[in-house]
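A short write-up of the structure that comes next.
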Amino acid sequence: MRDKRSNPLCAIVAVLIMLFLIAPLVVIILASFTPTALITFPPKGFSLEWYANIFSKSNNFISGLANSLKIGLGATVLDIFIGVTASLAICRYDFKGKNMLLNYFTSPMYVPGVSFAFVLLQVYSQVGGVPGWARIFIGHFIIILPYIIRNTVSVLHVFNWTLEDAATSLGANPVQVFFKVTIPLAKPGILAGALLAFLYSFDEVALSSLLSTPRFVTLPIRIMNYMEMSFDPTLAAISTLLILCSLILVVLMEKFVGLDMFMR
Amino acid sequence: MATLELKDLTKKFGDFTAVDGMNLQVEDGEMIALLGGSGCGKTTTLRMIAGFTEPFSGSILVDGKDIGKVPAYKRNVGIFFQNYALFPHMTVYENVAFGLKIQKLPKAEIKERVDHILALVRLFGMEKRYPRELSGGQQQRVALARALVTRPSILLLDEPLSNLDAKLRVEMQVEIKRIQKKLGITTIIVTHDHEEAVSLADRVIVMNAGRILQVGTPKEVFDHPNSQFVADFMGFSTFIKGKVKLELPDRLIVDCSGRDICVTRPEGREVSEGDNCTLAIRSENIAILSDEDMEKLAYDKNALSAQENTLKGRVESVTYKGHSTRIEVSGCFAEPVYPAPIDYTGPGQGGEIMLHLPADKLCIYKN
């Protein structure tokens, strides 16, 4: 460890930057409790009225949330299977074009969402009759794959493959080796990738707004539509809830997977 | 426990032949060392025995049965890996118990066997620690315990001591030998360190370029390498070119750069009059004679044999090595001579020095 050196100027800049990062969140959270019909800061009084409004059926927030969860979880689970197997193949074997294959799998990350959505729209109109949920699911399924592959590869890249030989020599068959040694050790990367992928899908707007149909709408799209019509503190309330959910999810991951696995 | 036999074992990687028609028989309970430099095929041989890689041709017999088609996880071969390969997500206990859990043994029996083996490697009380919390020596013991607890028929040790410091190395040498003898398990050690090989094994196999060069007891291989290559590998440092001048029943007189050197005639290997040859000697076998020694020799007729291989040379450099001093001496032959006395108080750089090469310590190789 180096000696701690502090410069008052540095400290001030650091504090300002942190305030800058957190201030908008604080404003939104406080404003969500206002009893007024417009978002005001500081809030005049305290009310949970707008939170109650989230759950009113006519606003369709809950059905949007359900749709978002279905798409996000479904795509993430399916991508874990595909991403982990692809990562294993890329990391375990030495073959020509290995890096190209990795870049190929992660390329959706670099294609702008709008152009990608445009391509998908073309395909859907050619095929015809693609149901609303599938239109969004296919898009999300493809764009979140890179997050899982990237993170899994980063762990497997430094994986000690001798461990698999060791397990084999102790009598473990290939399936046992995979589930008792390889997967437990790759787990931090897989879970971190899955979390990022899920969160990406959960608040994805560009792609979803172009692909969604009026009958199947995800939560971010529902919020956007609501915003266009009315600008009341319901939006602040739902934002606060979403921030809270993300926070809980990240804390849980930290607790169960932890960063210590990366520090060996 | 088992016997192991390799028959014409060959492994090719593309055009490269890593192991070339290897034949070897290992007795039940024997400890042998495969010794050679990197790329000599020793590790490939080990991996073939373990079943991690398939031979190109030839067969591997355990107790007379060909195990070529048996998958690695059914071979019952214990392996100690060079980097230990301990499972980082498991405690010491879980690491050692891994193989037994795979065999689905009852919990009580697993506990009993793990406790027993941990006591044997002197790691009792460390069960709950993770590998990263152990020292290098302790990790090594865990790796050894894990390889032994499943009672493998054959134990393979891949460079078992290479990652340890000098003190631990000696300690583990004794430990490995003790445990191996106690369990009577057939063991193969792969190493590039000749000292490790001769101190651990009952028999040493020297390999190069996929072939066996010499098989013998540690003493045979260490003192009487059968070729110049093996001599070089076993740490011989002084090599002198010459020509056999005279053949006597028990010894040879070799002309080296105009000096007659007397060599005890080697058994078996035929070197005859007129052959070009190379003499080799280990540094610690070269004697340095003081002035008093020389005076004594001059009056003592019985010391005639010693007088024979006595040479005068010039000290080129003196390097203190701790347990010995390495000296480079020129002027005896065309090639330099490298004695390594334990206590050196003789002349420094540029000084004159008298050396004696004992006839029975010289090895001779036909060129």
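Going by the structure tokens order, chains are called A, B, ..., each with residues numbered from 1, while ligands are numbered from 1 in the order shown.
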When you get a sec, could you note down which chain B residues fall within 9 Å of chain A, using only C-alpha atoms, as an mmCIF file with N, CA, C and O atoms, in the first residue's frame?
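Saved as iface37.cif:
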data_model
loop_
_atom_site.group_PDB
_atom_site.id
_atom_site.type_symbol
_atom_site.label_atom_id
_atom_site.label_comp_id
_atom_site.auth_asym_id
_atom_site.auth_seq_id
_atom_site.Cartn_x
_atom_site.Cartn_y
_atom_site.Cartn_z
ATOM 1 N N ALA B 50 -1.523 -41.382 -18.408
ATOM 2 C CA ALA B 50 -2.699 -40.872 -17.695
ATOM 3 C C ALA B 50 -3.952 -40.967 -18.550
ATOM 4 O O ALA B 50 -5.064 -40.973 -18.025
ATOM 5 N N GLY B 51 -3.775 -41.024 -19.879
ATOM 6 C CA GLY B 51 -4.935 -41.105 -20.759
ATOM 7 C C GLY B 51 -5.412 -39.756 -21.255
ATOM 8 O O GLY B 51 -6.482 -39.656 -21.838
ATOM 9 N N PHE B 52 -4.625 -38.707 -21.050
ATOM 10 C CA PHE B 52 -5.029 -37.377 -21.523
ATOM 11 C C PHE B 52 -4.777 -37.202 -23.016
ATOM 12 O O PHE B 52 -5.320 -36.323 -23.645
ATOM 13 N N PRO B 71 -10.924 -44.973 -20.932
ATOM 14 C CA PRO B 71 -10.878 -43.508 -20.809
ATOM 15 C C PRO B 71 -10.127 -43.074 -19.548
ATOM 16 O O PRO B 71 -10.046 -43.830 -18.572
ATOM 17 N N ALA B 72 -9.586 -41.870 -19.600
ATOM 18 C CA ALA B 72 -8.716 -41.374 -18.522
ATOM 19 C C ALA B 72 -9.356 -41.508 -17.149
ATOM 20 O O ALA B 72 -8.686 -41.877 -16.178
ATOM 21 N N TYR B 73 -10.662 -41.232 -17.057
ATOM 22 C CA TYR B 73 -11.274 -41.214 -15.726
ATOM 23 C C TYR B 73 -11.509 -42.607 -15.143
ATOM 24 O O TYR B 73 -11.908 -42.738 -13.999
ATOM 25 N N LYS B 74 -11.254 -43.639 -15.957
ATOM 26 C CA LYS B 74 -11.420 -44.998 -15.422
ATOM 27 C C LYS B 74 -10.081 -45.689 -15.202
ATOM 28 O O LYS B 74 -10.029 -46.873 -14.922
ATOM 29 N N ARG B 75 -8.975 -44.946 -15.375
ATOM 30 C CA ARG B 75 -7.676 -45.630 -15.353
ATOM 31 C C ARG B 75 -7.110 -45.854 -13.964
ATOM 32 O O ARG B 75 -6.174 -46.605 -13.799
ATOM 33 N N ASN B 76 -7.625 -45.134 -12.989
ATOM 34 C CA ASN B 76 -7.114 -45.264 -11.629
ATOM 35 C C ASN B 76 -5.619 -44.957 -11.547
ATOM 36 O O ASN B 76 -4.836 -45.704 -10.978
ATOM 37 N N VAL B 77 -5.256 -43.844 -12.187
ATOM 38 C CA VAL B 77 -3.875 -43.376 -12.151
ATOM 39 C C VAL B 77 -3.874 -42.058 -11.367
ATOM 40 O O VAL B 77 -4.628 -41.156 -11.690
ATOM 41 N N GLY B 78 -3.075 -41.993 -10.327
ATOM 42 C CA GLY B 78 -3.007 -40.756 -9.539
ATOM 43 C C GLY B 78 -1.962 -39.827 -10.127
ATOM 44 O O GLY B 78 -0.880 -40.281 -10.490
ATOM 45 N N ILE B 79 -2.302 -38.560 -10.225
ATOM 46 C CA ILE B 79 -1.337 -37.633 -10.813
ATOM 47 C C ILE B 79 -1.077 -36.454 -9.896
ATOM 48 O O ILE B 79 -1.994 -35.878 -9.324
ATOM 49 N N PHE B 80 0.181 -36.140 -9.797
ATOM 50 C CA PHE B 80 0.599 -34.942 -9.073
ATOM 51 C C PHE B 80 1.060 -33.952 -10.136
ATOM 52 O O PHE B 80 1.996 -34.219 -10.858
ATOM 53 N N PHE B 81 0.350 -32.823 -10.244
ATOM 54 C CA PHE B 81 0.663 -31.875 -11.311
ATOM 55 C C PHE B 81 1.707 -30.865 -10.863
ATOM 56 O O PHE B 81 1.760 -30.487 -9.697
ATOM 57 N N ASN B 83 1.928 -27.688 -11.297
ATOM 58 C CA ASN B 83 1.408 -26.489 -10.621
ATOM 59 C C ASN B 83 0.371 -26.868 -9.562
ATOM 60 O O ASN B 83 -0.458 -26.053 -9.183
ATOM 61 N N TYR B 84 0.386 -28.116 -9.140
ATOM 62 C CA TYR B 84 -0.480 -28.696 -8.100
ATOM 63 C C TYR B 84 -1.925 -28.884 -8.544
ATOM 64 O O TYR B 84 -2.550 -29.861 -8.174
ATOM 65 N N ALA B 85 -2.469 -27.910 -9.335
ATOM 66 C CA ALA B 85 -3.850 -28.014 -9.826
ATOM 67 C C ALA B 85 -4.842 -28.318 -8.714
ATOM 68 O O ALA B 85 -5.730 -29.153 -8.870
ATOM 69 N N LEU B 86 -4.722 -27.633 -7.596
ATOM 70 C CA LEU B 86 -5.719 -27.784 -6.533
ATOM 71 C C LEU B 86 -6.958 -26.994 -6.936
ATOM 72 O O LEU B 86 -6.854 -25.949 -7.561
ATOM 73 N N PHE B 87 -8.145 -27.518 -6.566
ATOM 74 C CA PHE B 87 -9.373 -26.813 -6.927
ATOM 75 C C PHE B 87 -9.508 -25.590 -6.023
ATOM 76 O O PHE B 87 -9.678 -25.737 -4.814
ATOM 77 N N PRO B 88 -9.451 -24.384 -6.606
ATOM 78 C CA PRO B 88 -9.439 -23.184 -5.753
ATOM 79 C C PRO B 88 -10.748 -22.945 -5.020
ATOM 80 O O PRO B 88 -10.770 -22.239 -4.026
ATOM 81 N N HIS B 89 -11.847 -23.537 -5.525
ATOM 82 C CA HIS B 89 -13.146 -23.284 -4.888
ATOM 83 C C HIS B 89 -13.474 -24.328 -3.822
ATOM 84 O O HIS B 89 -14.578 -24.357 -3.311
ATOM 85 N N PHE B 98 -12.432 -35.205 -3.049
ATOM 86 C CA PHE B 98 -13.081 -35.138 -4.366
ATOM 87 C C PHE B 98 -13.209 -36.508 -5.042
ATOM 88 O O PHE B 98 -14.293 -36.924 -5.438
ATOM 89 N N GLY B 99 -12.075 -37.210 -5.147
ATOM 90 C CA GLY B 99 -12.075 -38.500 -5.826
ATOM 91 C C GLY B 99 -12.953 -39.530 -5.136
ATOM 92 O O GLY B 99 -13.594 -40.355 -5.784
ATOM 93 N N LEU B 100 -13.008 -39.458 -3.803
ATOM 94 C CA LEU B 100 -13.802 -40.428 -3.043
ATOM 95 C C LEU B 100 -15.289 -40.135 -3.182
ATOM 96 O O LEU B 100 -16.114 -41.051 -3.245
ATOM 97 N N ILE B 102 -16.618 -38.809 -5.798
ATOM 98 C CA ILE B 102 -16.967 -39.266 -7.150
ATOM 99 C C ILE B 102 -17.271 -40.765 -7.117
ATOM 100 O O ILE B 102 -18.180 -41.243 -7.772
ATOM 101 N N GLN B 103 -16.514 -41.487 -6.282
ATOM 102 C CA GLN B 103 -16.745 -42.940 -6.162
ATOM 103 C C GLN B 103 -17.983 -43.255 -5.329
ATOM 104 O O GLN B 103 -18.314 -44.422 -5.149
ATOM 105 N N ARG B 132 -5.480 -21.207 -1.440
ATOM 106 C CA ARG B 132 -4.773 -19.918 -1.482
ATOM 107 C C ARG B 132 -4.270 -19.495 -0.108
ATOM 108 O O ARG B 132 -3.459 -18.588 0.002
ATOM 109 N N ARG B 146 -4.206 -35.768 -2.326
ATOM 110 C CA ARG B 146 -5.346 -35.928 -3.222
ATOM 111 C C ARG B 146 -5.071 -37.017 -4.265
ATOM 112 O O ARG B 146 -5.959 -37.783 -4.631
ATOM 113 N N ALA B 147 -3.810 -37.076 -4.724
ATOM 114 C CA ALA B 147 -3.464 -38.082 -5.723
ATOM 115 C C ALA B 147 -3.414 -39.484 -5.110
ATOM 116 O O ALA B 147 -3.640 -40.471 -5.789
ATOM 117 N N THR B 150 -7.211 -41.942 -3.416
ATOM 118 C CA THR B 150 -8.067 -42.867 -4.166
ATOM 119 C C THR B 150 -7.386 -44.225 -4.373
ATOM 120 O O THR B 150 -7.920 -45.083 -5.065
ATOM 121 N N PRO B 152 -4.564 -45.143 -6.105
ATOM 122 C CA PRO B 152 -4.334 -45.434 -7.520
ATOM 123 C C PRO B 152 -3.362 -46.595 -7.675
ATOM 124 O O PRO B 152 -2.555 -46.853 -6.779
#
* To do: Pick out the residues sitting within 12 Å of segment 350-352 of chain B, and hand them over as a PyMOL selection string; count only C-alpha atoms, and ignore anything fewer than 4 positions along from it in its own chain.
  => chain B and resi 288-291+311-318+327-332+345-346
Pull all heavy atoms from the residues just selected and write them as a compact mmCIF listing (two decimals), in the first residue's frame.
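Output contents, as saved in out-v3.txt:
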# COMPACT_ATOMS: atom_id res chain seq x y z
N ILE B 288 42.75 -30.90 -6.58
CA ILE B 288 43.74 -29.82 -6.69
C ILE B 288 44.89 -30.16 -5.75
O ILE B 288 44.67 -30.47 -4.57
CB ILE B 288 43.10 -28.47 -6.33
CG1 ILE B 288 42.04 -28.14 -7.38
CG2 ILE B 288 44.16 -27.38 -6.23
CD1 ILE B 288 41.28 -26.89 -7.10
N LEU B 289 46.11 -30.17 -6.27
CA LEU B 289 47.27 -30.58 -5.46
C LEU B 289 48.03 -29.35 -4.96
O LEU B 289 48.30 -28.43 -5.73
CB LEU B 289 48.20 -31.45 -6.30
CG LEU B 289 47.53 -32.69 -6.94
CD1 LEU B 289 48.52 -33.41 -7.84
CD2 LEU B 289 47.01 -33.64 -5.86
N SER B 290 48.33 -29.38 -3.68
CA SER B 290 49.12 -28.28 -3.11
C SER B 290 50.61 -28.60 -3.31
O SER B 290 50.96 -29.69 -3.77
CB SER B 290 48.80 -28.15 -1.63
OG SER B 290 49.18 -29.34 -0.98
N ASP B 291 51.48 -27.67 -3.00
CA ASP B 291 52.92 -27.90 -3.13
C ASP B 291 53.38 -29.09 -2.30
O ASP B 291 54.20 -29.89 -2.73
CB ASP B 291 53.69 -26.64 -2.70
CG ASP B 291 53.43 -25.48 -3.64
OD1 ASP B 291 52.93 -25.76 -4.76
OD2 ASP B 291 53.71 -24.33 -3.27
N LEU B 311 48.53 -32.51 -13.88
CA LEU B 311 48.70 -31.50 -14.91
C LEU B 311 48.90 -30.12 -14.30
O LEU B 311 48.34 -29.82 -13.26
CB LEU B 311 47.44 -31.42 -15.78
CG LEU B 311 46.90 -32.73 -16.30
CD1 LEU B 311 45.41 -32.64 -16.38
CD2 LEU B 311 47.52 -33.04 -17.64
N LYS B 312 49.65 -29.32 -14.99
CA LYS B 312 49.83 -27.94 -14.55
C LYS B 312 48.97 -27.03 -15.43
O LYS B 312 48.90 -27.21 -16.63
CB LYS B 312 51.31 -27.53 -14.68
CG LYS B 312 51.61 -26.19 -14.02
CD LYS B 312 52.99 -25.72 -14.37
CE LYS B 312 54.03 -26.26 -13.38
NZ LYS B 312 55.38 -25.79 -13.72
N GLY B 313 48.29 -26.08 -14.79
CA GLY B 313 47.44 -25.18 -15.58
C GLY B 313 47.42 -23.78 -15.00
O GLY B 313 48.03 -23.53 -13.96
N ARG B 314 46.72 -22.90 -15.68
CA ARG B 314 46.65 -21.52 -15.26
C ARG B 314 45.21 -21.20 -14.88
O ARG B 314 44.27 -21.55 -15.60
CB ARG B 314 47.08 -20.62 -16.42
CG ARG B 314 47.77 -19.33 -16.02
CD ARG B 314 48.30 -18.63 -17.27
NE ARG B 314 47.21 -18.09 -18.06
CZ ARG B 314 46.75 -16.83 -17.90
NH1 ARG B 314 47.31 -16.04 -17.02
NH2 ARG B 314 45.75 -16.40 -18.63
N VAL B 315 45.04 -20.53 -13.74
CA VAL B 315 43.69 -20.21 -13.29
C VAL B 315 43.16 -19.05 -14.12
O VAL B 315 43.77 -17.99 -14.19
CB VAL B 315 43.70 -19.83 -11.79
CG1 VAL B 315 42.30 -19.40 -11.34
CG2 VAL B 315 44.20 -20.99 -10.96
N GLU B 316 42.03 -19.24 -14.78
CA GLU B 316 41.43 -18.19 -15.60
C GLU B 316 40.39 -17.39 -14.80
O GLU B 316 40.27 -16.19 -14.95
CB GLU B 316 40.73 -18.79 -16.83
CG GLU B 316 41.69 -19.32 -17.89
CD GLU B 316 42.50 -18.22 -18.55
OE1 GLU B 316 42.02 -17.07 -18.60
OE2 GLU B 316 43.63 -18.51 -18.99
N SER B 317 39.63 -18.12 -14.00
CA SER B 317 38.64 -17.41 -13.18
C SER B 317 38.30 -18.25 -11.96
O SER B 317 38.44 -19.47 -11.98
CB SER B 317 37.37 -17.12 -13.99
OG SER B 317 36.70 -18.33 -14.26
N VAL B 318 37.87 -17.58 -10.90
CA VAL B 318 37.46 -18.25 -9.68
C VAL B 318 36.08 -17.71 -9.31
O VAL B 318 35.92 -16.50 -9.18
CB VAL B 318 38.45 -17.96 -8.53
CG1 VAL B 318 37.99 -18.64 -7.24
CG2 VAL B 318 39.86 -18.43 -8.90
N ILE B 327 36.32 -23.23 -10.58
CA ILE B 327 37.54 -22.62 -11.13
C ILE B 327 37.66 -23.02 -12.59
O ILE B 327 37.37 -24.16 -12.97
CB ILE B 327 38.78 -23.13 -10.37
CG1 ILE B 327 38.58 -22.90 -8.87
CG2 ILE B 327 40.04 -22.42 -10.84
CD1 ILE B 327 39.60 -23.59 -8.02
N GLU B 328 38.03 -22.08 -13.42
CA GLU B 328 38.30 -22.39 -14.82
C GLU B 328 39.81 -22.41 -15.00
O GLU B 328 40.49 -21.44 -14.66
CB GLU B 328 37.67 -21.34 -15.74
CG GLU B 328 37.88 -21.68 -17.21
CD GLU B 328 37.28 -20.63 -18.15
OE1 GLU B 328 36.43 -19.84 -17.70
OE2 GLU B 328 37.69 -20.61 -19.31
N VAL B 329 40.31 -23.57 -15.48
CA VAL B 329 41.75 -23.72 -15.63
C VAL B 329 42.08 -23.96 -17.10
O VAL B 329 41.48 -24.83 -17.73
CB VAL B 329 42.26 -24.91 -14.79
CG1 VAL B 329 43.77 -25.08 -14.97
CG2 VAL B 329 41.91 -24.72 -13.32
N SER B 330 42.98 -23.16 -17.65
CA SER B 330 43.38 -23.37 -19.04
C SER B 330 44.83 -23.85 -19.07
O SER B 330 45.52 -23.85 -18.06
CB SER B 330 43.24 -22.07 -19.82
OG SER B 330 44.20 -21.15 -19.35
N GLY B 331 45.26 -24.29 -20.24
CA GLY B 331 46.65 -24.66 -20.40
C GLY B 331 46.94 -26.14 -20.22
O GLY B 331 47.99 -26.62 -20.58
N CYS B 332 45.98 -26.91 -19.64
CA CYS B 332 46.19 -28.35 -19.50
C CYS B 332 45.98 -29.02 -20.85
O CYS B 332 46.78 -29.82 -21.30
CB CYS B 332 45.21 -28.95 -18.50
SG CYS B 332 45.24 -28.13 -16.92
N THR B 345 41.69 -22.46 -1.32
CA THR B 345 42.53 -21.39 -0.78
C THR B 345 43.72 -21.17 -1.71
O THR B 345 44.68 -20.49 -1.35
CB THR B 345 43.04 -21.74 0.62
OG1 THR B 345 43.60 -23.06 0.58
CG2 THR B 345 41.94 -21.69 1.65
N GLY B 346 43.67 -21.76 -2.89
CA GLY B 346 44.79 -21.72 -3.82
C GLY B 346 44.91 -20.36 -4.52
O GLY B 346 44.29 -19.38 -4.11
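From atom CA of Met207 of chain B back to atom CA of Lys65 of chain B, the distance works out to 25.2 Å.
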* From the DSSP assignment of the backbone, select every residue of segment 38-238 of chain B that is strand (DSSP E or B), and format the answer as a PyMOL selection string. => chain B and resi 57-62+65-66+77-80+154-158+186-191+203-208+211-216+238
* **segment 276-280 of chain B environment, 7 Å, only C-alpha atoms, sequence neighbours closer than 2 positions dropped, as a PyMOL selection string** => chain B and resi 236+238-244+274+282+362-367
Could you write out that same residue set with all heavy atoms as a CSV table (one decimal), in the first residue's frame?
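Result file again17.csv:
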chain,number,residue,atom,x,y,z
B,236,PHE,N,28.2,-33.3,-15.9
B,236,PHE,CA,29.6,-33.4,-16.1
B,236,PHE,C,30.0,-32.0,-16.8
B,236,PHE,O,29.3,-31.6,-17.7
B,236,PHE,CB,30.0,-34.5,-17.1
B,236,PHE,CG,30.1,-35.8,-16.4
B,236,PHE,CD1,28.9,-36.4,-15.8
B,236,PHE,CD2,31.3,-36.6,-16.3
B,236,PHE,CE1,29.0,-37.6,-15.1
B,236,PHE,CE2,31.3,-37.8,-15.7
B,236,PHE,CZ,30.2,-38.3,-15.1
B,238,THR,N,33.5,-31.0,-17.6
B,238,THR,CA,34.8,-30.9,-18.3
B,238,THR,C,34.8,-32.0,-19.4
B,238,THR,O,34.6,-33.2,-19.1
B,238,THR,CB,36.0,-31.1,-17.3
B,238,THR,OG1,35.9,-30.1,-16.3
B,238,THR,CG2,37.3,-31.1,-18.0
B,239,PHE,N,35.0,-31.6,-20.6
B,239,PHE,CA,35.1,-32.5,-21.7
B,239,PHE,C,36.3,-32.3,-22.5
B,239,PHE,O,36.6,-31.2,-22.9
B,239,PHE,CB,33.9,-32.3,-22.6
B,239,PHE,CG,32.5,-32.7,-22.0
B,239,PHE,CD1,31.8,-31.7,-21.3
B,239,PHE,CD2,32.1,-34.0,-22.0
B,239,PHE,CE1,30.6,-32.1,-20.7
B,239,PHE,CE2,30.9,-34.3,-21.4
B,239,PHE,CZ,30.1,-33.4,-20.7
B,240,ILE,N,37.1,-33.4,-22.6
B,240,ILE,CA,38.4,-33.2,-23.3
B,240,ILE,C,38.5,-34.2,-24.5
B,240,ILE,O,38.2,-35.4,-24.4
B,240,ILE,CB,39.6,-33.6,-22.3
B,240,ILE,CG1,39.4,-32.8,-21.0
B,240,ILE,CG2,40.9,-33.3,-22.9
B,240,ILE,CD1,40.0,-33.5,-19.8
B,241,LYS,N,38.9,-33.6,-25.6
B,241,LYS,CA,39.0,-34.5,-26.8
B,241,LYS,C,40.4,-35.1,-26.8
B,241,LYS,O,41.4,-34.6,-26.4
B,241,LYS,CB,38.8,-33.6,-28.1
B,241,LYS,CG,37.4,-33.1,-28.3
B,241,LYS,CD,37.2,-32.9,-29.8
B,241,LYS,CE,35.7,-33.0,-30.1
B,241,LYS,NZ,34.8,-32.1,-29.3
B,242,GLY,N,40.4,-36.4,-27.4
B,242,GLY,CA,41.7,-37.1,-27.5
B,242,GLY,C,41.7,-38.2,-28.4
B,242,GLY,O,40.7,-38.4,-29.1
B,243,LYS,N,42.8,-39.0,-28.4
B,243,LYS,CA,42.8,-40.2,-29.3
B,243,LYS,C,43.4,-41.3,-28.5
B,243,LYS,O,44.4,-41.1,-27.8
B,243,LYS,CB,43.7,-39.8,-30.5
B,243,LYS,CG,43.7,-40.8,-31.6
B,243,LYS,CD,44.5,-40.2,-32.8
B,243,LYS,CE,44.2,-41.1,-34.0
B,243,LYS,NZ,44.7,-40.5,-35.2
B,244,VAL,N,42.9,-42.5,-28.6
B,244,VAL,CA,43.4,-43.6,-27.8
B,244,VAL,C,44.7,-44.0,-28.4
B,244,VAL,O,44.9,-44.4,-29.6
B,244,VAL,CB,42.4,-44.8,-27.8
B,244,VAL,CG1,42.9,-46.0,-27.0
B,244,VAL,CG2,41.0,-44.4,-27.3
B,274,GLY,N,43.6,-46.0,-31.5
B,274,GLY,CA,43.4,-45.2,-32.7
B,274,GLY,C,42.1,-44.5,-32.8
B,274,GLY,O,41.9,-43.6,-33.7
B,282,ARG,N,33.5,-35.2,-13.8
B,282,ARG,CA,32.7,-34.3,-13.0
B,282,ARG,C,33.6,-33.3,-12.2
B,282,ARG,O,34.7,-33.7,-11.7
B,282,ARG,CB,32.0,-35.2,-12.0
B,282,ARG,CG,30.7,-34.7,-11.5
B,282,ARG,CD,30.0,-35.9,-10.7
B,282,ARG,NE,29.1,-36.6,-11.5
B,282,ARG,CZ,27.9,-36.1,-11.9
B,282,ARG,NH1,27.6,-34.8,-11.5
B,282,ARG,NH2,27.1,-36.8,-12.6
B,362,LEU,N,37.3,-40.9,-14.7
B,362,LEU,CA,37.2,-40.4,-16.1
B,362,LEU,C,36.3,-41.3,-16.9
B,362,LEU,O,36.4,-42.5,-16.8
B,362,LEU,CB,38.6,-40.3,-16.7
B,362,LEU,CG,39.4,-39.0,-16.4
B,362,LEU,CD1,40.9,-39.3,-16.8
B,362,LEU,CD2,38.9,-37.8,-17.1
B,363,CYS,N,35.4,-40.7,-17.6
B,363,CYS,CA,34.5,-41.5,-18.5
B,363,CYS,C,35.0,-41.3,-19.9
B,363,CYS,O,35.4,-40.1,-20.3
B,363,CYS,CB,33.1,-41.1,-18.4
B,363,CYS,SG,32.4,-41.4,-16.8
B,364,ILE,N,35.0,-42.3,-20.7
B,364,ILE,CA,35.5,-42.2,-22.1
B,364,ILE,C,34.4,-42.5,-23.1
B,364,ILE,O,33.7,-43.5,-22.9
B,364,ILE,CB,36.8,-43.0,-22.3
B,364,ILE,CG1,37.3,-42.8,-23.7
B,364,ILE,CG2,36.5,-44.5,-22.0
B,364,ILE,CD1,38.8,-43.3,-23.9
B,365,TYR,N,34.3,-41.7,-24.1
B,365,TYR,CA,33.3,-41.9,-25.2
B,365,TYR,C,33.9,-41.8,-26.5
B,365,TYR,O,34.7,-40.9,-26.8
B,365,TYR,CB,32.2,-40.8,-25.1
B,365,TYR,CG,31.6,-40.8,-23.7
B,365,TYR,CD1,31.8,-39.7,-22.8
B,365,TYR,CD2,30.8,-41.8,-23.3
B,365,TYR,CE1,31.3,-39.7,-21.6
B,365,TYR,CE2,30.2,-41.8,-22.0
B,365,TYR,CZ,30.5,-40.8,-21.1
B,365,TYR,OH,30.0,-40.8,-19.9
B,366,LYS,N,33.6,-42.8,-27.3
B,366,LYS,CA,34.1,-42.8,-28.7
B,366,LYS,C,33.4,-41.8,-29.5
B,366,LYS,O,32.2,-41.6,-29.4
B,366,LYS,CB,33.8,-44.2,-29.3
B,366,LYS,CG,34.5,-44.5,-30.6
B,366,LYS,CD,34.3,-46.0,-30.9
B,366,LYS,CE,34.6,-46.2,-32.4
B,366,LYS,NZ,34.4,-47.6,-32.8
B,367,ASN,N,34.1,-41.0,-30.4
B,367,ASN,CA,33.5,-40.0,-31.2
B,367,ASN,C,33.1,-40.6,-32.5
B,367,ASN,O,33.8,-41.3,-33.2
B,367,ASN,CB,34.4,-38.8,-31.4
B,367,ASN,CG,34.5,-38.0,-30.2
B,367,ASN,OD1,33.8,-38.2,-29.2
B,367,ASN,ND2,35.4,-37.0,-30.2
* Extract, using only C-alpha atoms, all DNA, RNA and protein residues at most 6 Å from segment 181-198 of chain B, discarding same-chain residues fewer than 6 positions from it, and format them as an NGL selection string. => :B and (1 or 28-37 or 154-159 or 218 or 234)
* How many Å lie between atom CA of Leu121 of chain A and atom CA of Met109 of chain A, rounded to one decimal? ->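 Interatomic distance here is 18.5 Å.
Comparing A:Tyr93, A:Phe118, A:Phe216, A:Phe159 by their smallest distance to Phe137 of chain A, the closest is A:Phe216 (using only C-alpha atoms).
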* Of the candidates A:Phe33, A:Tyr51, A:Trp133, A:Tyr147, which shows the shortest atom-to-atom distance to Ser68 of chain A, using only C-alpha atoms? ->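 Once distances to Ser68 of chain A are computed over only C-alpha atoms, the minimum belongs to A:Trp133.
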* Residues within 8 Å of segment 6-22 of chain B, only C-alpha atoms, excluding chain neighbours under 5 positions, as an MDAnalysis selection string -> chainID B and resid 39:42 44:45 54:61 209:212
* To do: Can you list, as number ranges by chain, all residues belonging to segment 29-258 of chain B that DSSP tags as helix (DSSP H, G or I)?
  => B: 42-50, 72-74, 92-102, 107-120, 131-133, 136-149, 166-183, 194-200, 218-223, 228-233
* Near Pro249 of chain B, within 12 Å and counting only C-alpha atoms, which residues show up once chain neighbours fewer than 4 positions away are dropped, as a PyMOL selection string? -> chain B and resi 253+263-267+272
* To do: Rank nothing, just name the residue among A:Leu102, A:Leu252, A:Leu9, A:Leu48 nearest to Ile238 of chain A, using only C-alpha atoms.
  => A:Leu48
* **Residue neighbourhood Glu133 of chain B, 10 Å, only C-alpha atoms, exclusion window fewer than 5 positions, as a list of chain:residue names** => B:Thr91, B:Val92, B:Met126, B:Gln138, B:Gln139
* Structure fact -> One decimal place gives the atom CA of Val204 of chain B-atom CA of Gly322 of chain B separation as 28.2 Å
